[in-house]
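**Student:** Please read through the structure below; I'll follow up with questions.
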Amino acid sequence: MPAATIDNRFVSSVRQDMLAFARLQLRDSELAEDAVQEASTAALHGEQRFSGQAALKTWVFGILKHKIVDLLRQQGRSTPISAYVEEGESLDGKFDSLFKENAHWHPAAAPRDWGNPEAALREKHFWAVFDACLSVLPANTARVFMMREFLEFETAEICSSLGISNSNCHVILHRARAALRGCLEQGWLLAGEKNR
Amino acid sequence: MMNCKQATRLMSEAQERKLEITERLGLGVHLALCTGCNNYHRQLQLLRQACHIHREQFNPAQPDTSEVQPGQKLE
């Protein structure tokens, strides 16, 4: 495999992917532009040689992830705990409505069988709804979820860098998952059934 | 028996930490008896898988360079 080195042409070829990734994490186009710009500049100053374009891209993405994490930490540190509580109340309200008084599922609201997961993941519509569901997740809750599932941090690391307790962290992640799976069921499975 | 709401909480926690043996047993019994929670369980797994795939779409992992750490120099 030919050695790959970083240059302007390479950076512009991966720019769209970098921007899309940064926007997804930061939910702010300007911040995302800045992060990509900084990561590109830092990468161009590196003198690494890699065994191919793909390895080079992984390295540039590694730099971008560091920038994103710095920004998420800053956002997290200036977020009061009350902001999570507020988001939680609205998400919990929706989630609680799926249950009867005895905390078992309402028959009409019980989670449905989504069928073959491999097939779901090949469906274009699934991914469109997935993106939409991520984008409507409240910002502070989403930040914790993104750090966990997209930036692959351990939960303890997320909690300490955002200044929230372990058990709060777990509750926030639980809420995020509950909201996302509910949104997917509504927007993808049930909407799909109606259109059929 | 644990209720469905408690079960959903434990299913999420299981993605963060190793559950205690009593929690695992309780959840196992519940899942064996409850279709809704069973579906929820598979949905959470799909959600995690979807996040993983989505991440890879931006920057596919390279099995042939798996021994190379980001930033590591190649001779």
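The chains in the structure tokens are called A, B, ... from first to last as shown; in each chain the residues are counted from 1, and the ligands are counted from 1 in the order shown.
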Identify all chain A residues at most 8 Å from chain B by counting only C-alpha atoms; ligands do not count. Present them as an MDAnalysis selection string.
**Tutor:** chainID A and resid 17:18 20:21 48:51 54:55 57:59 61:62 99 102:105 110:114 117 121 149:150 154:155 170:171 173:174 177 181
**Student:** Can you write just those residues out, N, CA, C and O atoms, as a CSV table (one decimal), in the first residue's frame?
**Tutor:**
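Okay, out38.csv is ready:
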chain,number,residue,atom,x,y,z
A,17,ASP,N,-17.3,14.7,5.7
A,17,ASP,CA,-17.5,13.7,6.7
A,17,ASP,C,-17.2,14.2,8.1
A,17,ASP,O,-17.9,14.0,9.1
A,18,MET,N,-16.1,15.0,8.2
A,18,MET,CA,-15.8,15.6,9.5
A,18,MET,C,-16.8,16.6,10.0
A,18,MET,O,-17.2,16.6,11.1
A,20,ALA,N,-20.0,16.7,9.1
A,20,ALA,CA,-21.3,16.0,9.4
A,20,ALA,C,-21.1,15.3,10.8
A,20,ALA,O,-22.1,15.4,11.7
A,21,PHE,N,-20.0,14.8,11.1
A,21,PHE,CA,-19.8,14.1,12.4
A,21,PHE,C,-19.8,15.2,13.5
A,21,PHE,O,-20.4,15.0,14.6
A,48,GLN,N,3.0,12.9,10.2
A,48,GLN,CA,2.8,11.4,10.2
A,48,GLN,C,2.7,10.9,8.7
A,48,GLN,O,2.1,11.5,7.9
A,49,ARG,N,3.2,9.7,8.6
A,49,ARG,CA,2.9,9.0,7.3
A,49,ARG,C,2.1,7.7,7.7
A,49,ARG,O,2.4,7.1,8.7
A,50,PHE,N,1.2,7.4,6.9
A,50,PHE,CA,0.3,6.2,7.2
A,50,PHE,C,0.3,5.2,6.1
A,50,PHE,O,0.7,5.6,4.9
A,51,SER,N,-0.2,4.1,6.4
A,51,SER,CA,-0.1,3.0,5.4
A,51,SER,C,-1.3,3.1,4.4
A,51,SER,O,-1.5,2.1,3.7
A,54,ALA,N,-7.1,5.4,4.4
A,54,ALA,CA,-8.0,5.1,5.5
A,54,ALA,C,-7.4,5.3,6.9
A,54,ALA,O,-8.1,5.9,7.8
A,55,ALA,N,-6.2,4.9,7.0
A,55,ALA,CA,-5.5,5.1,8.3
A,55,ALA,C,-5.3,6.5,8.6
A,55,ALA,O,-5.4,7.0,9.7
A,57,LYS,N,-7.2,8.9,7.5
A,57,LYS,CA,-8.5,9.5,7.9
A,57,LYS,C,-8.8,9.2,9.4
A,57,LYS,O,-9.3,10.1,10.1
A,58,THR,N,-8.5,8.0,9.8
A,58,THR,CA,-8.7,7.6,11.2
A,58,THR,C,-7.9,8.5,12.1
A,58,THR,O,-8.4,9.0,13.2
A,59,TRP,N,-6.7,8.9,11.7
A,59,TRP,CA,-5.9,9.7,12.5
A,59,TRP,C,-6.5,11.1,12.6
A,59,TRP,O,-6.6,11.7,13.7
A,61,PHE,N,-9.6,12.0,12.2
A,61,PHE,CA,-10.8,11.9,13.0
A,61,PHE,C,-10.5,11.8,14.5
A,61,PHE,O,-11.2,12.3,15.3
A,62,GLY,N,-9.4,11.2,14.8
A,62,GLY,CA,-8.9,11.1,16.2
A,62,GLY,C,-8.7,12.5,16.7
A,62,GLY,O,-9.1,12.9,17.9
A,99,PHE,N,-47.0,3.4,30.8
A,99,PHE,CA,-47.2,2.4,31.8
A,99,PHE,C,-48.5,2.6,32.5
A,99,PHE,O,-49.1,3.7,32.6
A,102,ASN,N,-49.6,0.2,37.9
A,102,ASN,CA,-48.7,-0.8,38.5
A,102,ASN,C,-47.3,-0.9,37.9
A,102,ASN,O,-46.6,-1.8,38.1
A,103,ALA,N,-47.0,0.1,37.0
A,103,ALA,CA,-45.7,0.2,36.3
A,103,ALA,C,-45.4,-1.0,35.4
A,103,ALA,O,-44.3,-1.2,35.0
A,104,HIS,N,-46.5,-1.6,34.9
A,104,HIS,CA,-46.3,-2.6,33.8
A,104,HIS,C,-46.9,-1.9,32.5
A,104,HIS,O,-47.6,-0.9,32.6
A,105,TRP,N,-46.5,-2.3,31.4
A,105,TRP,CA,-46.9,-1.7,30.1
A,105,TRP,C,-48.4,-1.6,29.9
A,105,TRP,O,-49.1,-2.6,30.2
A,110,ALA,N,-47.2,-1.1,24.8
A,110,ALA,CA,-46.0,-2.0,25.0
A,110,ALA,C,-45.1,-2.0,23.8
A,110,ALA,O,-45.6,-2.0,22.7
A,111,PRO,N,-43.8,-2.1,24.0
A,111,PRO,CA,-42.8,-2.1,22.9
A,111,PRO,C,-43.2,-3.3,21.9
A,111,PRO,O,-43.5,-4.4,22.4
A,112,ARG,N,-43.1,-3.0,20.7
A,112,ARG,CA,-43.5,-3.9,19.6
A,112,ARG,C,-42.3,-4.7,19.1
A,112,ARG,O,-41.1,-4.3,19.4
A,113,ASP,N,-42.6,-5.8,18.4
A,113,ASP,CA,-41.5,-6.5,17.8
A,113,ASP,C,-41.1,-5.8,16.5
A,113,ASP,O,-41.9,-5.5,15.6
A,114,TRP,N,-39.8,-5.4,16.5
A,114,TRP,CA,-39.3,-4.7,15.3
A,114,TRP,C,-38.8,-5.6,14.2
A,114,TRP,O,-38.3,-5.1,13.2
A,117,PRO,N,-33.4,-7.3,13.0
A,117,PRO,CA,-32.6,-6.1,13.1
A,117,PRO,C,-31.7,-5.9,11.9
A,117,PRO,O,-31.5,-4.7,11.5
A,121,LEU,N,-31.6,-2.4,9.8
A,121,LEU,CA,-30.4,-1.5,9.6
A,121,LEU,C,-30.0,-1.3,8.1
A,121,LEU,O,-29.2,-0.5,7.8
A,149,GLU,N,-22.1,6.8,23.4
A,149,GLU,CA,-22.3,5.9,22.2
A,149,GLU,C,-21.6,6.3,21.0
A,149,GLU,O,-21.3,5.4,20.1
A,150,PHE,N,-21.2,7.5,20.8
A,150,PHE,CA,-20.5,7.9,19.6
A,150,PHE,C,-19.1,8.2,19.9
A,150,PHE,O,-18.2,8.1,19.0
A,154,GLU,N,-16.3,5.7,28.7
A,154,GLU,CA,-16.9,4.9,29.8
A,154,GLU,C,-17.8,5.9,30.6
A,154,GLU,O,-17.5,7.1,30.7
A,155,THR,N,-18.8,5.3,31.2
A,155,THR,CA,-19.8,6.2,31.9
A,155,THR,C,-19.1,7.0,33.0
A,155,THR,O,-19.4,8.2,33.1
A,170,HIS,N,-26.5,7.6,34.9
A,170,HIS,CA,-27.2,6.4,34.5
A,170,HIS,C,-28.7,6.7,34.2
A,170,HIS,O,-29.2,6.2,33.2
A,171,VAL,N,-29.2,7.6,35.0
A,171,VAL,CA,-30.6,7.9,34.7
A,171,VAL,C,-30.8,8.7,33.4
A,171,VAL,O,-31.7,8.4,32.6
A,173,LEU,N,-28.8,8.5,30.8
A,173,LEU,CA,-28.6,7.5,29.7
A,173,LEU,C,-29.9,6.7,29.5
A,173,LEU,O,-30.3,6.4,28.3
A,174,HIS,N,-30.5,6.3,30.6
A,174,HIS,CA,-31.7,5.5,30.5
A,174,HIS,C,-32.8,6.3,29.8
A,174,HIS,O,-33.5,5.8,28.9
A,177,ARG,N,-32.1,6.6,26.0
A,177,ARG,CA,-32.4,5.3,25.3
A,177,ARG,C,-33.9,5.1,25.2
A,177,ARG,O,-34.4,4.8,24.1
A,181,ARG,N,-35.7,5.0,21.5
A,181,ARG,CA,-36.4,3.8,21.1
A,181,ARG,C,-37.9,4.1,20.9
A,181,ARG,O,-38.5,3.6,19.9
**Student:** Quick one: pick out all alpha helix (DSSP H) residues within region 7-149 of chain A from a backbone DSSP run and write them as a ChimeraX atom specification.
**Tutor:** /A:8-26,29-45,53-77,81-96,117-122,124-136,139-149
**Student:** Could you pull the residues within 10 Å of Phe145 (chain A), counting only C-alpha atoms, minus those fewer than 4 positions along the same chain, as a ChimeraX atom specification?
**Tutor:** /A:25,134,137,139-141,149-153,155,158,169,172-177
**Student:** If DSSP is run on the backbone, what residues of region 2-187 of chain A are strand (DSSP E or B)? A reply as a short mmCIF file (atom, residue, chain, number, x, y, z; two decimals) with all heavy atoms, in the first residue's frame would be ideal.
**Tutor:**
data_model
loop_
_atom_site.label_atom_id
_atom_site.label_comp_id
_atom_site.auth_asym_id
_atom_site.auth_seq_id
_atom_site.Cartn_x
_atom_site.Cartn_y
_atom_site.Cartn_z
N ALA A 4 0.59 7.32 2.76
CA ALA A 4 -0.26 8.50 2.58
C ALA A 4 0.20 9.58 3.53
O ALA A 4 0.50 9.31 4.68
CB ALA A 4 -1.72 8.13 2.88
N THR A 5 0.29 10.79 3.05
CA THR A 5 0.66 11.90 3.92
C THR A 5 -0.45 12.93 3.88
O THR A 5 -1.23 12.99 2.94
CB THR A 5 1.99 12.56 3.50
OG1 THR A 5 1.92 12.78 2.10
CG2 THR A 5 3.17 11.67 3.83
N ARG A 49 3.17 9.71 8.56
CA ARG A 49 2.93 8.98 7.32
C ARG A 49 2.14 7.73 7.70
O ARG A 49 2.39 7.13 8.72
CB ARG A 49 4.24 8.58 6.65
CG ARG A 49 5.02 9.78 6.13
CD ARG A 49 6.42 9.37 5.74
NE ARG A 49 6.43 8.56 4.51
CZ ARG A 49 6.82 7.30 4.49
NH1 ARG A 49 7.18 6.68 5.60
NH2 ARG A 49 6.84 6.64 3.35
N PHE A 50 1.19 7.38 6.88
CA PHE A 50 0.33 6.24 7.20
C PHE A 50 0.32 5.24 6.06
O PHE A 50 0.68 5.57 4.94
CB PHE A 50 -1.09 6.73 7.50
CG PHE A 50 -1.17 7.51 8.78
CD1 PHE A 50 -0.93 8.87 8.77
CD2 PHE A 50 -1.40 6.87 9.98
CE1 PHE A 50 -0.96 9.59 9.95
CE2 PHE A 50 -1.44 7.59 11.15
CZ PHE A 50 -1.21 8.95 11.14
N PHE A 99 -46.99 3.40 30.76
CA PHE A 99 -47.20 2.39 31.79
C PHE A 99 -48.55 2.55 32.49
O PHE A 99 -49.07 3.66 32.59
CB PHE A 99 -46.08 2.47 32.84
CG PHE A 99 -44.72 2.16 32.29
CD1 PHE A 99 -43.89 3.18 31.85
CD2 PHE A 99 -44.27 0.85 32.20
CE1 PHE A 99 -42.62 2.89 31.33
CE2 PHE A 99 -43.01 0.55 31.69
CZ PHE A 99 -42.20 1.57 31.25
N TRP A 105 -46.50 -2.34 31.37
CA TRP A 105 -46.87 -1.66 30.12
C TRP A 105 -48.39 -1.60 29.93
O TRP A 105 -49.08 -2.58 30.17
CB TRP A 105 -46.29 -2.39 28.91
CG TRP A 105 -44.81 -2.52 28.87
CD1 TRP A 105 -44.08 -3.65 29.10
CD2 TRP A 105 -43.85 -1.49 28.58
NE1 TRP A 105 -42.74 -3.39 28.96
CE2 TRP A 105 -42.57 -2.08 28.65
CE3 TRP A 105 -43.95 -0.13 28.27
CZ2 TRP A 105 -41.40 -1.36 28.42
CZ3 TRP A 105 -42.77 0.59 28.04
CH2 TRP A 105 -41.52 -0.03 28.12
#
**Student:** Nearest residue to Arg9 (chain A) out of A:Ala42, A:Phe95, A:Gln53, A:Asp28, using only C-alpha atoms?
**Tutor:**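 That would be A:Gln53, the residue with the smallest distance to Arg9 (chain A).
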**Student:** Using only C-alpha atoms, find the one residue out of A:Ala108, A:Ala43, A:Ala120, A:Ile164 that sits nearest to Trp188 (chain A).
**Tutor:**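 The closest residue to Trp188 (chain A) is A:Ala120.
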